[in-house]
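Data from data30.txt: compact mmCIF, C-alpha atoms
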# COMPACT_ATOMS: atom_id res chain seq x y z
CA TYR A 1 -0.50 -3.64 24.18
CA LYS A 2 -3.04 -0.89 24.43
CA LYS A 3 -4.87 0.00 21.25
CA ILE A 4 -6.82 3.08 20.38
CA MET A 5 -10.00 3.53 18.40
CA PRO A 6 -10.12 6.66 16.25
CA TYR A 7 -13.34 8.60 16.31
CA THR A 8 -14.66 8.31 12.78
CA LYS A 9 -18.19 7.26 11.91
CA VAL A 10 -17.18 6.11 8.41
CA LEU A 11 -14.61 3.57 9.70
CA PRO A 12 -15.99 2.34 13.04
CA GLU A 13 -14.53 -1.20 12.75
CA VAL A 14 -10.86 -0.22 12.57
CA THR A 15 -8.56 -0.42 15.59
CA ILE A 16 -5.22 1.38 15.42
CA SER A 17 -2.25 0.26 17.50
CA THR A 18 -0.29 2.80 19.52
CA PHE A 19 2.71 1.66 17.45
CA THR A 20 1.09 2.63 14.14
CA PRO A 21 2.76 5.78 12.74
CA ARG A 22 0.32 8.68 12.66
CA LYS A 23 0.23 11.94 10.74
CA LYS A 24 -2.11 14.78 11.62
CA ARG A 25 -4.09 16.13 8.72
CA PHE A 26 -6.82 18.72 8.73
CA PHE A 27 -8.69 19.52 5.53
CA LEU A 28 -7.70 16.26 3.78
CA LYS A 29 -8.84 14.14 6.72
CA TYR A 30 -12.34 15.60 6.67
CA LEU A 31 -12.51 15.55 2.87
CA ALA A 32 -11.59 11.85 2.88
CA ARG A 33 -14.19 11.05 5.54
CA PHE A 34 -16.82 12.89 3.51
CA LEU A 35 -15.92 11.02 0.29
CA LEU A 36 -16.03 7.68 2.12
CA LEU A 37 -19.68 8.30 2.93
CA PHE A 38 -20.39 7.62 -0.76
CA GLU A 39 -18.41 4.34 -0.81
CA SER A 40 -19.73 0.94 0.22
CA MET A 41 -16.23 -0.45 0.88
CA LYS A 42 -15.20 -0.28 4.56
CA ALA A 43 -11.99 -1.15 6.41
CA LYS A 44 -12.22 -3.80 9.12
CA GLY A 45 -9.76 -5.22 11.64
CA SER A 46 -6.80 -4.18 13.77
CA PHE A 47 -3.37 -2.82 12.93
CA LEU A 48 -0.51 -4.97 14.24
CA ASP A 49 1.36 -4.13 17.44
CA ASN A 50 4.70 -3.47 15.79
CA LYS A 51 6.51 -0.24 14.94
CA ARG A 52 7.41 -1.72 11.56
CA VAL A 53 4.68 -3.30 9.46
CA ILE A 54 4.58 -4.32 5.79
CA VAL A 55 1.05 -4.37 4.42
CA THR A 56 0.52 -6.83 1.54
CA ALA A 57 -2.81 -6.03 -0.14
CA ALA A 58 -4.52 -8.27 -2.71
CA PRO A 59 -6.21 -9.02 -5.03
CA HIS A 60 -5.20 -5.74 -6.66
CA GLN A 61 -7.16 -5.46 -9.92
CA SER A 62 -8.13 -1.82 -10.31
CA SER A 63 -7.06 1.76 -9.69
CA LYS A 64 -10.20 2.01 -7.54
CA ASP A 65 -8.33 -0.06 -4.94
CA GLU A 66 -5.70 2.65 -4.65
CA TYR A 67 -8.32 5.40 -4.46
CA LEU A 68 -10.09 3.68 -1.56
CA MET A 69 -6.84 3.03 0.30
CA VAL A 70 -5.80 6.66 -0.01
CA LEU A 71 -9.14 7.84 1.39
CA MET A 72 -8.90 5.46 4.34
CA ILE A 73 -5.30 6.42 5.10
CA LEU A 74 -6.23 10.11 5.12
CA ALA A 75 -9.39 9.53 7.14
CA LEU A 76 -7.49 7.66 9.86
CA ASP A 77 -4.54 10.09 10.09
CA ILE A 78 -2.11 7.25 9.36
CA GLU A 79 1.37 7.78 7.95
CA VAL A 80 2.34 5.29 5.24
CA CYS A 81 5.05 4.73 2.67
CA TYR A 82 5.04 2.82 -0.59
CA LEU A 83 7.32 1.94 -3.49
CA SER A 84 6.75 3.92 -6.66
CA ALA A 85 8.45 3.73 -10.06
CA LYS A 86 10.84 6.65 -10.45
CA TRP A 87 9.11 8.00 -13.56
CA THR A 88 5.81 8.49 -11.70
CA MET A 89 7.42 11.17 -9.54
CA ARG A 90 7.49 13.81 -12.28
CA ARG A 91 5.55 12.44 -15.26
CA ILE A 92 1.89 11.87 -16.20
CA PRO A 93 0.92 8.32 -17.30
CA ASN A 94 0.29 7.80 -21.02
CA PRO A 95 -1.81 4.66 -21.68
CA PHE A 96 -1.35 4.91 -25.47
CA LEU A 97 2.43 4.46 -25.59
CA LYS A 98 4.62 1.57 -24.45
CA PRO A 99 8.16 2.98 -24.21
CA LYS A 100 11.20 0.71 -24.31
CA ASP A 101 12.67 2.43 -21.27
CA ILE A 102 10.60 1.37 -18.24
CA ASP A 103 11.94 4.32 -16.24
CA ASN A 104 11.09 6.92 -18.86
CA GLN A 105 7.36 6.42 -19.32
CA GLY A 106 4.58 8.99 -19.34
CA ILE A 107 4.59 12.62 -20.35
CA ALA A 108 6.77 15.30 -18.78
CA TRP A 109 4.94 18.42 -17.66
CA PRO A 110 5.90 21.81 -16.11
CA LEU A 111 4.56 20.98 -12.62
CA GLY A 112 6.41 17.70 -12.34
CA TRP A 113 8.54 19.10 -9.50
CA LEU A 114 5.38 19.84 -7.50
CA GLN A 115 4.04 16.37 -8.22
CA GLU A 116 7.24 14.86 -6.81
CA ILE A 117 6.95 16.91 -3.61
CA ILE A 118 3.32 15.79 -3.11
CA PHE A 119 4.11 12.14 -3.78
CA LYS A 120 7.04 12.11 -1.36
CA LYS A 121 5.00 13.86 1.34
CA PHE A 122 2.49 11.05 0.99
CA GLY A 123 5.26 8.47 1.52
CA ALA A 124 6.46 7.55 -1.98
CA ILE A 125 9.88 5.88 -2.15
CA PRO A 126 11.13 6.21 -5.75
CA VAL A 127 12.47 3.02 -7.32
CA ASP A 128 14.70 2.89 -10.38
CA ARG A 129 13.63 -0.39 -11.98
CA ARG A 130 16.56 -0.50 -14.40
CA GLY A 131 19.09 -0.63 -11.58
CA ARG A 132 17.88 -3.90 -10.12
CA SER A 133 21.12 -4.61 -8.27
CA GLY A 134 20.93 -1.41 -6.23
CA GLN A 135 17.14 -1.16 -5.98
CA TYR A 136 16.75 -3.41 -2.95
CA ASP A 137 19.61 -1.77 -1.05
CA SER A 138 18.28 1.76 -1.63
CA VAL A 139 14.80 0.82 -0.40
CA LEU A 140 16.29 -0.98 2.60
CA LYS A 141 18.42 2.03 3.51
CA GLU A 142 15.41 4.36 3.28
CA LEU A 143 13.33 2.17 5.58
CA GLN A 144 16.16 1.55 8.06
CA SER A 145 16.28 5.30 8.68
CA LYS A 146 12.69 5.21 9.97
CA GLU A 147 11.98 4.27 13.58
CA SER A 148 8.51 3.13 12.55
CA PHE A 149 6.78 2.65 9.22
CA LEU A 150 3.71 1.19 7.54
CA LEU A 151 4.89 0.07 4.09
CA ILE A 152 2.15 -0.80 1.60
CA ILE A 153 3.02 -3.38 -1.07
CA THR A 154 0.81 -5.03 -3.68
CA PRO A 155 2.66 -8.34 -4.20
CA GLU A 156 0.98 -8.87 -7.58
CA GLY A 157 2.64 -5.74 -8.91
CA ARG A 158 0.36 -4.12 -11.44
CA PHE A 159 -2.70 -6.38 -11.62
CA ASP A 160 -0.73 -9.62 -12.26
CA ALA A 161 -2.17 -12.44 -10.14
CA THR A 162 -0.10 -15.18 -11.79
CA ARG A 163 2.89 -14.47 -9.57
CA PHE A 164 3.64 -12.80 -6.24
CA ARG A 165 6.83 -10.81 -5.73
CA SER A 166 8.88 -11.96 -2.76
CA SER A 167 10.51 -8.61 -1.88
CA PHE A 168 8.15 -8.24 1.11
CA LEU A 169 9.72 -11.32 2.72
CA TYR A 170 13.32 -10.13 2.53
CA LEU A 171 12.44 -6.61 3.66
CA ALA A 172 10.49 -8.00 6.62
CA LYS A 173 13.40 -10.18 7.75
CA GLU A 174 16.03 -7.44 7.31
CA LEU A 175 13.94 -4.81 9.09
CA ASP A 176 12.37 -7.03 11.78
CA ALA A 177 8.94 -6.10 10.48
CA ASP A 178 5.62 -7.93 10.64
CA VAL A 179 3.72 -8.71 7.45
CA MET A 180 0.00 -7.90 7.56
CA PRO A 181 -2.10 -9.27 4.68
CA VAL A 182 -5.09 -7.12 3.71
CA GLN A 183 -7.90 -8.61 1.63
CA ILE A 184 -9.41 -6.28 -0.98
CA ASP A 185 -12.84 -7.92 -0.91
CA TYR A 186 -15.46 -6.39 -3.19
CA GLU A 187 -17.92 -9.21 -2.58
CA ASN A 188 -18.23 -8.27 1.10
CA ASN A 189 -17.28 -4.61 0.58
CA ALA A 190 -14.35 -4.83 2.98
CA LEU A 191 -10.65 -4.09 3.27
CA GLN A 192 -10.07 -6.81 5.84
CA PHE A 193 -6.89 -6.66 7.96
CA LEU A 194 -5.58 -10.13 8.86
CA ASP A 195 -3.21 -11.38 11.57
CA SER A 196 0.55 -11.30 11.11
CA LEU A 197 1.80 -13.71 8.43
CA SER A 198 4.22 -16.42 9.56
CA LEU A 199 7.57 -16.02 7.77
CA LYS A 200 8.86 -19.48 8.70
CA GLY A 201 9.99 -21.81 5.96
CA SER A 202 11.35 -21.34 2.45
CA GLU A 203 10.52 -18.43 0.15
CA GLU A 204 8.15 -20.65 -1.82
CA GLU A 205 6.34 -21.73 1.36
CA VAL A 206 5.89 -18.17 2.63
CA VAL A 207 4.66 -16.88 -0.74
CA ARG A 208 2.26 -19.82 -0.99
CA ARG A 209 1.01 -19.06 2.55
CA LEU A 210 0.42 -15.43 1.57
CA ARG A 211 -1.46 -16.40 -1.59
CA LEU A 212 -3.74 -18.65 0.44
CA CYS A 213 -4.74 -15.61 2.54
CA PHE A 214 -6.54 -14.29 -0.55
CA ASP A 215 -7.87 -17.55 -2.00
CA GLY A 216 -11.50 -17.11 -3.08
CA ILE A 217 -11.53 -13.36 -2.45
CA LYS A 218 -13.36 -11.46 -5.18
CA GLY A 219 -11.49 -8.41 -6.39
CA ARG A 220 -13.03 -5.64 -8.44
CA LYS A 221 -12.89 -7.75 -11.62
CA SER A 222 -12.53 -11.41 -10.73
CA ARG A 223 -12.09 -13.97 -7.95
CA PHE A 224 -8.53 -14.69 -6.81
CA ILE A 225 -7.40 -18.31 -7.02
CA ALA A 226 -4.33 -19.22 -5.01

Can you turn what I pasted into structure tokens?
Amino acid sequence: YKKIMPYTKVLPEVTISTFTPRKKRFFLKYLARFLLLFESMKAKGSFLDNKRVIVTAAPHQSSKDEYLMVLMILALDIEVCYLSAKWTMRRIPNPFLKPKDIDNQGIAWPLGWLQEIIFKKFGAIPVDRRGRSGQYDSVLKELQSKESFLLIITPEGRFDATRFRSSFLYLAKELDADVMPVQIDYENNALQFLDSLSLKGSEEEVVRRLRLCFDGIKGRKSRFIA
């Protein structure tokens, strides 16, 4: 399939497929490209030739990872979606309190409604983590309504390298999506896009295969060991 190369001096080694969902941005695109000039981390590789792609990025060890990904997404005019805890839609994180209710964290504030609009425009899919039985179905329904999507998942969750979540595997099979591992490599200053992950075999085999994609990669804080 034909691929296209976006004109951007800050990300010259990225190739975007014609299947990759795009979103035109104006001010934010140029702001992101300007901010990337001050970052040593660069994206490298090609997006997969599939209308539906699940990006599994690791090792995820810092909020800086998210900042860099956001800049690159904006700079490339790419449309993405991601799973976000329901409470993050309208509340501000509070690192000093550990509430018992995992869906009622943070601090409510008057502009929470605006925060929710911004998050959803950037592709956030709210997830109610208490309702585990219906969580998967609601996410699946949301993604099935999209002709094409680029779903970003960090399989470690929130900086937990001891286990990988397997939700990416079931979503990929249900939605006929490819899984594209992305190495967050601070040693070589690269977000490296890899080839499509084989989903053959048992859940344990696929998760193990995904972990091996990141073996030896140095995140922001430490080296990942599969």

*Could you please determine the separation between atom CA of Ser138 of chain A and atom CA of Thr18 of chain A in Å, to one decimal place?*
28.2 Å

_Ranking A:Leu97, A:Met180, A:Val80, A:Leu28 by minimum distance to Lys121 of chain A and counting only C-alpha atoms, which one comes first?_
A:Val80

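Our summary of the geometry notes that atom CA of Arg25 of chain A is positioned 20.6 Å from atom CA of Glu147 of chain A.
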
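Residues in contact with Ser196 of chain A at 10 Å, where all atoms listed in the file are counted and same-chain residues fewer than 4 positions away are skipped, are listed as Phe47, Leu48, Asp49, Val53, Ile54, Val55, Ala177, Asp178, Val179, Met180 and Pro181 of chain A.
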
Please write the residues from the selection above to a file, keeping C-alpha atoms, as a compact mmCIF listing (two decimals), in the frame of the given file.
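The resulting file, again-v8.txt, is shown below:
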# COMPACT_ATOMS: atom_id res chain seq x y z
CA PHE A 47 -3.37 -2.82 12.93
CA LEU A 48 -0.51 -4.97 14.24
CA ASP A 49 1.36 -4.13 17.44
CA VAL A 53 4.68 -3.30 9.46
CA ILE A 54 4.58 -4.32 5.79
CA VAL A 55 1.05 -4.37 4.42
CA ALA A 177 8.94 -6.10 10.48
CA ASP A 178 5.62 -7.93 10.64
CA VAL A 179 3.72 -8.71 7.45
CA MET A 180 0.00 -7.90 7.56
CA PRO A 181 -2.10 -9.27 4.68

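All polymer residues at most 8 Å from (3.6, -2.8, 17.6), using all atoms listed in the file, appear as Tyr1, Ser17, Thr18, Phe19, Thr20, Leu48, Asp49, Asn50, Lys51 and Arg52 of chain A.
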
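Among the candidates A:Gln135, A:Leu74, A:Phe149, A:Val10, the one nearest to Phe26 of chain A when counting only C-alpha atoms is A:Leu74.
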
*Skip Met89 of chain A itself and residues of its chain fewer than 6 positions away, then list as a PyMOL selection string all residues within 10 Å of it, counting only C-alpha atoms.*
chain A and resi 112-120+124-127

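Among the candidate residues A:Pro59, A:Pro93, A:Pro155, A:Pro21, the one lying nearest to Ile73 of chain A is A:Pro21, with distances computed using only C-alpha atoms.
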
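Distance check against Leu171 of chain A using all atoms listed in the file: of A:Ile225, A:Leu151, A:Leu140, A:Leu199, the minimum falls on A:Leu140.
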
*Do you have the atom CA of Phe38 of chain A-atom CA of Ala58 of chain A distance handy?*
22.5 Å

*asked:* Using all atoms listed in the file, which protein or nucleic acid residues come within 6 Å of segment 220-223 of chain A? Drop anything in the same chain fewer than 3 positions from it, and give the result as number ranges by chain.
replied: A: 186, 216-217

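Distances to Gln183 of chain A were evaluated for A:Ile153, A:Ala85, A:Val70, A:Cys213 using all atoms listed in the file, and the minimum falls at A:Cys213.
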
*Residues near segment 202-205 of chain A, cut-off 8 Å, only C-alpha atoms, skip fewer than 2 positions along chain, as a PyMOL selection string*: chain A and resi 166+169+200+207-209

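Nearest residue to Gln192 of chain A among A:Tyr82, A:Ala75, A:Lys42, A:Gln61 is A:Lys42, counting all atoms listed in the file.
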